[in-house]
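Below is target-v2.txt, holding compact mmCIF, C-alpha atoms.
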# COMPACT_ATOMS: atom_id res chain seq x y z
CA MET V 1058 3.36 38.27 38.41
CA LYS V 1059 6.66 36.50 38.37
CA PRO V 1060 6.96 33.50 36.04
CA VAL V 1061 7.01 30.25 37.94
CA GLU V 1062 10.55 29.00 38.32
CA PRO V 1063 11.01 25.40 37.21
CA PRO V 1064 11.79 23.17 40.20
CA LYS V 1065 15.54 23.00 40.84
CA LEU V 1066 16.84 19.65 39.68
CA GLU V 1067 19.18 17.72 41.90
CA THR V 1068 22.58 18.24 40.33
CA SER V 1069 24.63 16.35 42.82
CA GLY V 1070 26.69 13.97 40.71
CA LEU V 1071 27.99 13.99 37.18
CA LEU V 1072 25.76 11.01 36.36
CA GLN V 1073 22.70 12.87 37.55
CA ARG V 1074 23.60 15.92 35.45
CA LEU V 1075 24.20 13.72 32.43
CA LYS V 1076 20.78 12.16 32.85
CA ASN V 1077 19.12 15.53 32.65
CA THR V 1078 20.71 16.62 29.37
CA ASN V 1079 18.85 16.19 26.11
CA ILE V 1080 21.14 13.36 25.11
CA GLY V 1081 20.60 11.64 28.43
CA GLN V 1082 16.86 11.76 27.86
CA ALA V 1083 16.80 10.79 24.23
CA TRP V 1084 19.70 8.38 23.87
CA LEU V 1085 17.39 5.38 23.42
CA VAL V 1086 15.52 7.08 20.59
CA LEU V 1087 18.80 7.94 18.87
CA VAL V 1088 20.27 4.45 19.29
CA LEU V 1089 17.10 2.78 18.07
CA ALA V 1090 16.83 5.13 15.10
CA LEU V 1091 20.42 4.31 14.12
CA CYS V 1092 19.91 0.55 14.48
CA PHE V 1093 16.59 0.60 12.61
CA GLY V 1094 18.03 2.80 9.89
CA ALA V 1095 20.97 0.48 9.40
CA SER V 1096 18.80 -2.63 9.27
CA LEU V 1097 16.41 -1.01 6.79
CA ALA V 1098 19.34 0.02 4.62
CA ALA V 1099 20.59 -3.57 4.66
CA VAL V 1100 17.14 -4.87 3.69
CA GLN V 1101 16.89 -2.32 0.91
CA LEU V 1102 20.31 -3.34 -0.41
CA THR V 1103 19.30 -7.01 -0.57
CA LEU V 1104 15.69 -6.66 -1.68
CA GLY V 1105 15.95 -3.51 -3.82
CA PRO V 1106 17.30 -5.35 -6.89
CA VAL V 1107 14.59 -8.04 -6.57
CA ILE V 1108 11.86 -5.39 -6.47
CA GLU V 1109 13.41 -3.58 -9.44
CA GLN V 1110 13.49 -6.89 -11.34
CA ASN V 1111 9.79 -7.45 -10.53
CA LYS V 1112 8.97 -4.02 -11.92
CA LEU V 1113 11.09 -4.61 -15.03
CA ASN V 1114 9.37 -7.96 -15.67
CA GLU V 1115 5.99 -6.31 -15.33
CA THR V 1116 7.07 -3.62 -17.79
CA LEU V 1117 8.32 -6.14 -20.34
CA GLN V 1118 5.08 -8.13 -20.04
CA LYS V 1119 3.02 -5.03 -20.68
CA VAL V 1120 4.87 -3.87 -23.80
CA PRO V 1121 2.90 -5.90 -26.42
CA GLU V 1122 -0.44 -4.84 -24.94
CA LEU V 1123 0.56 -1.19 -24.77
CA ILE V 1124 1.64 -1.07 -28.39
CA LEU V 1125 -0.75 -3.44 -30.14
CA GLY V 1126 -3.76 -3.08 -27.83
CA THR V 1127 -5.24 -6.01 -25.87
CA ALA V 1128 -6.82 -7.68 -28.89
CA GLY V 1129 -3.78 -7.08 -31.07
CA ALA V 1130 -1.44 -8.49 -28.44
CA GLN V 1131 -3.56 -11.65 -28.14
CA LYS V 1132 -3.62 -12.07 -31.89
CA ALA V 1133 0.13 -11.61 -32.12
CA ALA V 1134 0.65 -14.17 -29.36
CA GLU V 1135 -1.59 -16.68 -31.16
CA GLN V 1136 0.34 -16.21 -34.40
CA ASN V 1137 3.59 -16.58 -32.48
CA GLN V 1138 4.75 -13.15 -33.57
CA ASN V 1139 6.82 -12.01 -30.68
CA LEU V 1140 7.75 -8.39 -30.37
CA VAL V 1141 11.41 -7.86 -29.75
CA VAL V 1142 11.76 -5.45 -26.85
CA GLU V 1143 14.95 -3.50 -26.51
CA PRO V 1144 15.44 -1.31 -23.43
CA GLN V 1145 17.43 1.87 -23.86
CA ILE V 1146 18.06 5.12 -22.03
CA ILE V 1147 17.32 8.36 -23.85
CA VAL V 1148 18.88 11.52 -22.49
CA VAL V 1149 17.00 14.74 -23.20
CA GLU V 1150 18.82 17.99 -22.56
CA LYS V 1151 16.61 20.78 -21.37
CA GLY V 1152 18.45 24.02 -20.79
CA ASN V 1153 21.26 22.94 -18.54
CA ARG V 1154 19.33 19.98 -17.12
CA LYS V 1155 19.50 16.42 -18.37
CA ILE V 1156 16.45 14.19 -18.15
CA PHE V 1157 16.86 10.42 -18.42
CA TYR V 1158 14.03 8.37 -19.90
CA SER V 1159 13.79 4.56 -19.87
CA VAL V 1160 12.44 3.71 -23.28
CA TYR V 1161 11.55 0.28 -24.63
CA LYS V 1162 11.71 -0.06 -28.39
CA ALA V 1163 9.45 -2.75 -29.81
CA THR V 1164 10.27 -4.21 -33.19
CA LEU V 1165 8.46 -6.85 -35.19
CA ASN V 1166 10.39 -8.50 -38.02
CA GLY V 1167 12.90 -5.67 -38.00
CA ALA V 1168 10.39 -2.83 -38.30
CA THR V 1169 9.77 -0.54 -35.35
CA THR V 1170 6.17 -0.96 -34.20
CA GLY V 1171 6.24 1.48 -31.33
CA TRP V 1172 7.79 2.77 -28.17
CA VAL V 1173 6.96 2.26 -24.53
CA VAL V 1174 8.17 5.03 -22.27
CA LYS V 1175 8.54 4.63 -18.53
CA THR V 1176 8.16 7.94 -16.80
CA ALA V 1177 6.95 9.45 -13.56
CA GLY V 1178 5.57 12.69 -12.20
CA GLN V 1179 3.92 14.19 -9.18
CA GLY V 1180 0.33 13.04 -8.59
CA TYR V 1181 -2.15 14.24 -5.99
CA ALA V 1182 -0.70 12.15 -3.17
CA ASP V 1183 2.67 10.87 -4.32
CA LYS V 1184 4.72 10.07 -7.39
CA ILE V 1185 2.82 8.35 -10.19
CA GLU V 1186 4.79 5.95 -12.39
CA LEU V 1187 3.45 5.38 -15.87
CA LEU V 1188 4.12 3.24 -18.91
CA ILE V 1189 3.00 4.98 -22.07
CA GLY V 1190 2.82 3.30 -25.46
CA PHE V 1191 3.45 5.49 -28.52
CA ASN V 1192 3.40 4.82 -32.24
CA PRO V 1193 6.84 4.96 -33.92
CA THR V 1194 6.69 8.69 -34.67
CA ILE V 1195 5.18 9.71 -31.28
CA GLU V 1196 2.04 11.07 -32.95
CA THR V 1197 -0.54 8.90 -31.25
CA ILE V 1198 -0.78 7.11 -27.91
CA THR V 1199 -1.29 3.37 -28.21
CA GLY V 1200 -1.79 2.50 -24.56
CA LEU V 1201 -1.35 3.51 -20.95
CA PHE V 1202 -0.54 1.56 -17.82
CA VAL V 1203 -0.05 2.78 -14.25
CA LEU V 1204 2.92 1.05 -12.62
CA ASP V 1205 2.79 2.70 -9.24
CA GLN V 1206 0.50 5.21 -7.55
CA LYS V 1207 -0.72 6.11 -4.08
CA GLU V 1208 -3.73 8.25 -5.03
CA THR V 1209 -6.82 8.49 -2.79
CA PRO V 1210 -8.49 5.06 -2.58
CA GLY V 1211 -11.95 5.17 -4.12
CA LEU V 1212 -11.35 8.40 -6.07
CA GLY V 1213 -7.93 9.08 -7.52
CA ASN V 1214 -6.89 5.46 -7.63
CA LYS V 1215 -9.49 4.85 -10.33
CA ILE V 1216 -6.76 5.96 -12.73
CA ILE V 1217 -5.58 2.35 -12.67
CA THR V 1218 -8.85 0.96 -14.05
CA GLN V 1219 -8.88 -0.38 -17.57
CA LYS V 1220 -12.12 1.54 -18.12
CA TRP V 1221 -10.45 4.91 -17.58
CA ARG V 1222 -7.10 4.08 -19.17
CA LYS V 1223 -8.52 2.73 -22.41
CA GLN V 1224 -9.67 6.19 -23.56
CA PHE V 1225 -6.02 7.12 -24.06
CA ALA V 1226 -5.51 4.58 -26.85
CA LYS V 1227 -5.53 6.24 -30.29
CA LYS V 1228 -5.47 9.77 -28.86
CA GLY V 1229 -3.38 12.19 -30.89
CA ILE V 1230 -0.50 13.68 -28.98
CA ILE V 1231 0.78 16.30 -31.45
CA GLN V 1232 -1.40 18.76 -29.57
CA PRO V 1233 -1.06 18.40 -25.79
CA LEU V 1234 -3.79 16.40 -24.04
CA VAL V 1235 -6.42 18.40 -22.16
CA VAL V 1236 -8.60 17.16 -19.29
CA VAL V 1237 -12.33 17.92 -19.52
CA LYS V 1238 -15.03 17.20 -16.93
CA LYS V 1239 -17.20 15.02 -19.12
CA GLY V 1240 -17.82 14.20 -22.76
CA ALA V 1241 -14.39 14.40 -24.33
CA LYS V 1242 -14.83 14.98 -28.07
CA ALA V 1243 -11.69 16.33 -29.70
CA SER V 1244 -8.89 13.84 -30.26
CA ASN V 1245 -6.77 15.44 -27.55
CA GLU V 1246 -9.46 15.59 -24.85
CA ILE V 1247 -9.54 13.24 -21.87
CA ASP V 1248 -12.46 12.67 -19.48
CA SER V 1249 -11.32 13.22 -15.91
CA VAL V 1250 -11.99 10.67 -13.18
CA THR V 1251 -15.03 11.92 -11.26
CA GLY V 1252 -13.85 13.65 -8.11
CA ALA V 1253 -10.20 13.31 -9.01
CA THR V 1254 -9.39 16.12 -11.43
CA ILE V 1255 -5.91 16.58 -10.03
CA SER V 1256 -4.97 12.93 -10.47
CA SER V 1257 -6.30 13.02 -14.04
CA GLU V 1258 -4.44 16.22 -14.83
CA SER V 1259 -1.22 14.83 -13.36
CA ILE V 1260 -1.41 11.87 -15.72
CA THR V 1261 -2.05 13.97 -18.83
CA SER V 1262 0.70 16.41 -17.95
CA ILE V 1263 3.16 13.53 -17.42
CA ILE V 1264 2.20 12.18 -20.85
CA ASN V 1265 2.42 15.60 -22.53
CA LYS V 1266 5.85 16.20 -21.09
CA ALA V 1267 7.18 12.79 -22.12
CA ALA V 1268 5.77 13.16 -25.64
CA SER V 1269 7.19 16.62 -26.24
CA ASP V 1270 10.57 15.65 -24.78
CA LEU V 1271 10.92 12.45 -26.74
CA ARG V 1272 9.30 13.15 -30.09
CA GLY V 1273 12.50 14.64 -31.55
CA PRO V 1274 15.04 12.05 -30.35
CA LEU V 1275 12.84 9.00 -31.01
CA SER V 1276 11.67 9.98 -34.51
CA ALA V 1277 15.28 10.75 -35.38
CA ASN V 1278 16.19 7.29 -34.17
CA ILE V 1279 13.68 5.71 -36.60
CA LEU V 1280 14.98 7.70 -39.56
CA LYS V 1281 18.51 6.72 -38.71
CA VAL V 1282 17.57 3.04 -38.68
CA LYS V 1283 15.80 3.35 -42.03
CA MET W 1022 2.73 -6.90 38.84
CA ALA W 1023 -0.03 -8.98 40.21
CA ASP W 1024 -2.90 -7.19 38.51
CA GLN W 1025 -1.65 -7.85 34.96
CA PRO W 1026 -3.23 -10.74 33.05
CA THR W 1027 -1.10 -13.85 32.59
CA PRO W 1028 0.34 -14.71 29.15
CA LEU W 1029 -2.36 -17.34 28.59
CA GLU W 1030 -5.10 -14.87 29.49
CA ARG W 1031 -3.57 -12.34 27.14
CA PHE W 1032 -3.58 -14.90 24.35
CA ILE W 1033 -7.19 -15.98 24.84
CA GLN W 1034 -8.52 -12.46 25.37
CA GLY W 1035 -7.11 -11.35 22.03
CA ILE W 1036 -9.07 -13.91 20.04
CA LEU W 1037 -12.66 -13.23 21.09
CA PRO W 1038 -13.29 -11.61 24.51
CA GLU W 1039 -11.15 -8.59 23.55
CA ASN W 1040 -11.16 -9.04 19.80
CA PRO W 1041 -9.39 -5.97 18.34
CA VAL W 1042 -12.08 -5.39 15.70
CA TYR W 1043 -15.35 -6.67 17.17
CA ARG W 1044 -14.72 -5.70 20.78
CA GLN W 1045 -12.24 -2.81 20.77
CA LEU W 1046 -13.26 -1.42 17.35
CA LEU W 1047 -9.63 -0.69 16.53
CA GLY W 1048 -7.83 -0.76 13.20
CA LEU W 1049 -11.00 -0.37 11.19
CA CYS W 1050 -9.28 1.30 8.23
CA PRO W 1051 -7.70 -1.91 6.87
CA VAL W 1052 -10.75 -3.89 7.97
CA LEU W 1053 -12.96 -1.80 5.71
CA ALA W 1054 -10.46 -1.33 2.90
CA VAL W 1055 -8.93 -4.74 2.21
CA SER W 1056 -11.78 -7.06 3.15
CA ASN W 1057 -13.24 -7.38 -0.36
CA GLY W 1058 -11.52 -10.70 -0.91
CA LEU W 1059 -10.16 -13.46 1.29
CA LYS W 1060 -6.69 -13.43 -0.30
CA PRO W 1061 -5.82 -9.76 0.38
CA ALA W 1062 -7.42 -10.13 3.82
CA ILE W 1063 -5.13 -13.02 4.73
CA THR W 1064 -2.04 -11.24 3.39
CA MET W 1065 -2.98 -8.18 5.41
CA SER W 1066 -3.48 -10.29 8.56
CA VAL W 1067 -0.08 -11.91 8.13
CA ALA W 1068 1.58 -8.51 7.68
CA VAL W 1069 -0.18 -7.13 10.78
CA ALA W 1070 0.76 -10.25 12.77
CA PHE W 1071 4.42 -9.85 11.79
CA VAL W 1072 4.49 -6.17 12.76
CA LEU W 1073 2.56 -6.72 15.98
CA LEU W 1074 4.76 -9.59 17.12
CA GLY W 1075 7.98 -7.75 16.23
CA ALA W 1076 6.95 -4.49 17.86
CA ASN W 1077 5.53 -6.14 20.99
CA VAL W 1078 8.61 -8.28 21.60
CA LEU W 1079 11.04 -5.43 21.00
CA ILE W 1080 9.14 -2.94 23.14
CA SER W 1081 8.86 -5.52 25.90
CA LEU W 1082 12.64 -6.13 25.77
CA ILE W 1083 13.41 -2.43 26.26
CA ARG W 1084 10.45 -1.66 28.56
CA ASN W 1085 12.68 -0.81 31.53
CA LEU W 1086 14.60 1.79 29.52
CA LEU W 1087 11.49 3.63 28.29
CA LYS W 1088 10.92 7.16 29.51
CA PRO W 1089 7.22 7.98 29.89
CA HIS W 1090 7.36 11.15 27.79
CA LEU W 1091 9.32 9.52 24.97
CA ARG W 1092 7.51 6.19 24.78
CA ILE W 1093 5.17 7.08 21.91
CA VAL W 1094 8.13 8.16 19.76
CA ILE W 1095 9.78 4.82 20.37
CA PHE W 1096 6.58 2.86 19.67
CA THR W 1097 6.11 4.66 16.37
CA LEU W 1098 9.75 4.24 15.40
CA THR W 1099 9.64 0.50 16.08
CA ILE W 1100 6.32 -0.02 14.31
CA ALA W 1101 7.43 1.98 11.28
CA THR W 1102 10.57 -0.14 10.97
CA PHE W 1103 8.69 -3.42 11.03
CA VAL W 1104 6.07 -2.12 8.61
CA THR W 1105 8.75 -1.04 6.15
CA LEU W 1106 10.32 -4.49 6.42
CA ALA W 1107 6.97 -6.16 5.71
CA ASP W 1108 6.31 -3.78 2.81
CA ARG W 1109 9.68 -4.50 1.16
CA PHE W 1110 9.30 -8.27 1.61
CA LEU W 1111 5.85 -8.24 0.03
CA ALA W 1112 7.09 -6.14 -2.89
CA ALA W 1113 10.00 -8.51 -3.44
CA TYR W 1114 8.24 -11.87 -3.14
CA VAL W 1115 4.51 -11.35 -3.78
CA TYR W 1116 4.66 -8.37 -6.10
CA GLN W 1117 1.10 -8.55 -7.44
CA MET W 1118 -0.38 -8.79 -3.95
CA SER W 1119 1.69 -5.85 -2.75
CA LYS W 1120 0.28 -3.84 -5.65
CA THR W 1121 -3.29 -4.87 -4.77
CA LEU W 1122 -2.82 -3.81 -1.16
CA GLY W 1123 -1.14 -0.60 -2.30
CA PRO W 1124 -0.98 2.06 0.41
CA TYR W 1125 -2.66 -0.11 3.06
CA ILE W 1126 0.58 -1.90 3.98
CA PRO W 1127 2.46 1.37 4.76
CA LEU W 1128 -0.68 2.49 6.59
CA ILE W 1129 -0.21 -0.29 9.18
CA ILE W 1130 2.18 2.23 10.80
CA VAL W 1131 -0.82 4.21 12.01
CA ASN W 1132 -2.91 1.14 12.81
CA CYS W 1133 -4.04 1.75 16.36
CA ILE W 1134 -4.19 -1.95 17.28
CA ILE W 1135 -0.41 -2.15 17.35
CA ILE W 1136 0.26 1.06 19.26
CA CYS W 1137 -2.51 0.05 21.68
CA ARG W 1138 -0.91 -3.34 22.37
CA CYS W 1139 2.51 -1.71 22.87
CA GLU W 1140 1.01 0.69 25.37
CA VAL W 1141 -1.32 -1.71 27.19
CA CYS W 1142 0.77 -4.85 27.28
CA ALA W 1143 4.29 -4.79 25.86
CA SER W 1144 5.54 -1.75 27.77
CA LYS W 1145 4.44 -3.31 31.06
CA GLN W 1146 4.82 -7.09 30.81
CA SER W 1147 7.48 -9.70 30.11
CA VAL W 1148 8.53 -10.77 26.62
CA PHE W 1149 6.58 -13.99 26.89
CA ALA W 1150 3.35 -12.22 27.83
CA ALA W 1151 3.91 -9.63 25.11
CA ALA W 1152 4.48 -12.30 22.47
CA SER W 1153 1.41 -14.32 23.42
CA ASP W 1154 -0.60 -11.11 23.51
CA ALA W 1155 0.62 -10.28 20.00
CA ILE W 1156 -0.28 -13.73 18.70
CA GLY W 1157 -3.72 -13.66 20.34
CA GLN W 1158 -4.54 -10.20 19.03
CA SER W 1159 -3.25 -11.09 15.55
CA LEU W 1160 -5.44 -14.19 15.47
CA GLY W 1161 -8.39 -12.08 16.57
CA PHE W 1162 -7.66 -9.54 13.85
CA ALA W 1163 -7.25 -12.25 11.23
CA LEU W 1164 -10.50 -13.85 12.33
CA ALA W 1165 -12.42 -10.58 12.11
CA LEU W 1166 -10.87 -9.55 8.80
CA SER W 1167 -11.45 -12.91 7.15
CA SER W 1168 -15.00 -13.25 8.45
CA ILE W 1169 -15.87 -9.93 6.80
CA ALA W 1170 -13.92 -10.86 3.66
CA VAL W 1171 -15.72 -14.22 3.34
CA VAL W 1172 -19.15 -12.58 3.51
CA ARG W 1173 -18.20 -9.83 1.07
CA GLU W 1174 -16.44 -12.04 -1.45
CA ILE W 1175 -19.17 -14.69 -1.53
CA LEU W 1176 -22.05 -12.22 -1.82
CA GLY W 1177 -20.21 -9.84 -4.12
CA THR W 1178 -18.69 -12.26 -6.62
CA GLY W 1179 -20.15 -15.67 -5.82
CA MET W 1180 -16.61 -16.90 -5.39
CA LEU W 1181 -14.25 -17.66 -2.53
CA PHE W 1182 -10.48 -17.63 -3.01
CA GLY W 1183 -11.20 -17.29 -6.74
CA LEU W 1184 -13.23 -20.53 -6.73
CA ARG W 1185 -16.96 -20.50 -7.46
CA VAL W 1186 -19.08 -21.43 -4.43
CA LEU W 1187 -22.49 -20.06 -5.37
CA PRO W 1188 -24.31 -21.19 -8.55
CA THR W 1189 -23.67 -19.02 -11.61
CA ALA W 1190 -27.32 -17.96 -11.41
CA TRP W 1191 -26.38 -15.88 -8.34
CA PRO W 1192 -26.72 -12.21 -9.21
CA ASP W 1193 -23.45 -10.78 -7.89
CA TRP W 1194 -24.17 -8.08 -5.35
CA VAL W 1195 -21.51 -5.72 -6.65
CA ILE W 1196 -22.16 -3.32 -3.79
CA MET W 1197 -20.65 -5.86 -1.39
CA ILE W 1198 -17.18 -5.55 -2.92
CA LEU W 1199 -17.46 -1.77 -3.11
CA PRO W 1200 -16.78 0.40 -0.02
CA PRO W 1201 -20.45 0.50 1.16
CA GLY W 1202 -20.41 -3.30 1.37
CA ALA W 1203 -17.62 -3.08 3.93
CA PHE W 1204 -19.67 -0.84 6.23
CA LEU W 1205 -22.80 -2.97 5.81
CA THR W 1206 -20.98 -6.21 6.58
CA LEU W 1207 -19.04 -4.82 9.53
CA GLY W 1208 -22.20 -3.33 11.01
CA LEU W 1209 -24.23 -6.51 10.60
CA LEU W 1210 -21.50 -8.78 11.98
CA LEU W 1211 -20.98 -6.44 14.95
CA GLY W 1212 -24.71 -6.59 15.54
CA VAL W 1213 -24.70 -10.39 15.43
CA ILE W 1214 -21.82 -10.61 17.91
CA ASN W 1215 -23.51 -8.17 20.30
CA TRP W 1216 -26.79 -10.06 20.00
CA ILE W 1217 -25.12 -13.37 20.85
CA ASP W 1218 -23.46 -11.70 23.85
CA SER W 1219 -26.65 -10.21 25.23
CA TYR W 1220 -28.46 -13.52 24.67
CA LYS W 1221 -25.78 -15.33 26.64
CA SER W 1222 -25.79 -12.86 29.52
CA LYS W 1223 -29.59 -12.96 29.70
CA LYS W 1224 -29.49 -16.74 29.87
CA SER W 1225 -26.88 -16.76 32.61
CA ARG W 1226 -28.84 -14.19 34.61
CA SER W 1227 -32.11 -16.14 34.44
CA SER W 1228 -30.50 -19.47 35.39
Will you turn the file into structure tokens for me?
Amino acid sequence: MKPVEPPKLETSGLLQRLKNTNIGQAWLVLVLALCFGASLAAVQLTLGPVIEQNKLNETLQKVPELILGTAGAQKAAEQNQNLVVEPQIIVVEKGNRKIFYSVYKATLNGATTGWVVKTAGQGYADKIELLIGFNPTIETITGLFVLDQKETPGLGNKIITQKWRKQFAKKGIIQPLVVVKKGAKASNEIDSVTGATISSESITSIINKAASDLRGPLSANILKVK
Amino acid sequence: MADQPTPLERFIQGILPENPVYRQLLGLCPVLAVSNGLKPAITMSVAVAFVLLGANVLISLIRNLLKPHLRIVIFTLTIATFVTLADRFLAAYVYQMSKTLGPYIPLIIVNCIIICRCEVCASKQSVFAAASDAIGQSLGFALALSSIAVVREILGTGMLFGLRVLPTAWPDWVIMILPPGAFLTLGLLLGVINWIDSYKSKKSRSS
């Protein structure tokens, strides 16, 4: 059987031929995409800094709680002891790659009380952005906060609950954290969120990576100050 | 086009007779997901209204240039642009609320109410009709979303808008602010609306 020939298009004029090309068919899509892209870029240019500032403010607000714990932060606020937070960028060289970490150094009366590290990694659905509080020598975790995540609502997004996050406080980080299904006992074990093992593992691996990358540079920084 | 509803009809139909949630059962994902409090519900409704109005007006303006086989691409492109705008504005000016709503704002892109209105109304009627259709449908959506949110927030927390309305002795029905509460409330309210309708039609038939 012969394949059916497509009906011959009228190709009388140049205009008609132009209309039947791909560009002639799709020009509206292309024009709209260009216009929309340009307007979105403009919006991002104007609003991007505002959104970044919002995130930075949220980070700075969280620092006392992440280092001193909720109760400790309240107590410090009552006694008018304000942590001095100093943002800095730490560059870690890994092979021939450089990794940049935003680190917030918290000092109280001149002594370093801890570090808050802003870092991100791949979650189950999308990038997860974390704030991790460490003690000055990066040996224990003092707190965890999830800045941004798009995990599955109802399952993976339980990583943002205080109930799940609080188990990280006081965990040792010299040995990498390990996710277990239930009943974490050892000081480096973390209970996974039920039904969201991948989200839980993403978080612990982000923490492990940040801790191992930063322990050297940050402890050295303390010694230097002393 | 004589058989198309007038702008006023479009507007009124959107609110109750063709309510997007209770009558067309469209856009149920945000209805179920962000109706656990009145505040996120209202923010969501405003975002949907903005996107719907923007997309409807723009599609109506270019309706004569649309090619039938490329129209869905253009609808999606337009909707995605307006949703991204809404998302960025929320993140810049109401940061906490944009975090509460999380992925549900970007998910407006796939909300079928908007693509349905583009297809049914905006790609066929004038800008004025498309705009009044968008406003009517948005009001209908807001009405449905907030009615569910009011029931869930009051029963689930005893509060409305963060203010206490039920006595503290009220045992908070936590299930109402959890996902099952959304299904229960939506089902019951749908039932009530259908019951009122059948009661009305019975009455008009007997008289």
**Request:** Give the answer as one residue: which of V:Glu1135, V:Glu1208, V:Glu1150, V:Glu1186 has the shortest atom-to-atom distance to chain W, using only C-alpha atoms?
**Result:**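 Residue with the minimum atom-to-atom distance to chain W: V:Glu1208.
Every protein or nucleic acid residue with an atom no more than 8 Å from segment 1250-1265 of chain V, counting all atoms listed in the file and leaving out same-chain residues fewer than 4 positions away, appears here: Thr1176, Ala1177, Gly1178, Gln1179, Gly1180, Tyr1181, Ile1185, Ile1189, Glu1208, Leu1212, Gly1213, Lys1215, Ile1216, Trp1221, Ile1230, Pro1233, Leu1234, Val1235, Val1236, Lys1238 and Ser1269 of chain V.
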At a cut-off of 8 Å, can you tabulate as a tab-separated table every residue of chain W near chain V together with its closest atom pair and the distance in Å to one decimal, using all atoms listed in the file and ordering rows by chain then number?
residue	atom	partner	partner_atom	distance
W:Leu1086	CA	V:Leu1085	CA	7.6
W:Leu1087	CA	V:Leu1085	CA	7.8
W:Lys1088	CA	V:Gln1082	CA	7.7
W:Leu1091	CA	V:Ala1083	CA	7.6
W:Val1094	CA	V:Val1086	CA	7.5
W:Ile1095	CA	V:Val1086	CA	6.2
W:Leu1098	CA	V:Ala1090	CA	7.1
W:Thr1099	CA	V:Phe1093	CA	7.8
W:Thr1102	CA	V:Phe1093	CA	6.3
W:Thr1105	CA	V:Leu1097	CA	7.7
W:Leu1106	CA	V:Leu1097	CA	7.0
W:Arg1109	CA	V:Leu1104	CA	7.0
W:Phe1110	CA	V:Leu1104	CA	7.4
W:Ala1112	CA	V:Ile1108	CA	6.0
W:Ala1113	CA	V:Ile1108	CA	4.7
W:Tyr1116	CA	V:Asn1111	CA	6.8
W:Lys1120	CA	V:Asp1205	CA	7.9
W:Gly1123	CA	V:Lys1207	CA	7.0
W:Pro1124	CA	V:Lys1207	CA	6.1
W:Pro1200	CA	V:Gly1211	CA	7.9
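Proximity of W:Asp1218, W:Glu1174, W:Glu1140, W:Asp1193 to Asn1057 of chain W, computed with all atoms listed in the file, is greatest for W:Glu1174.
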**Request:** Mind checking which residues fall within 12 Å of segment 1180-1186 of chain W, counting all atoms listed in the file, ignoring those fewer than 2 positions away in the same chain, and posting them as a VMD selection string?
**Result:** chain W and resid 1057 to 1063 1167 to 1168 1170 to 1178 1188 to 1194 1198
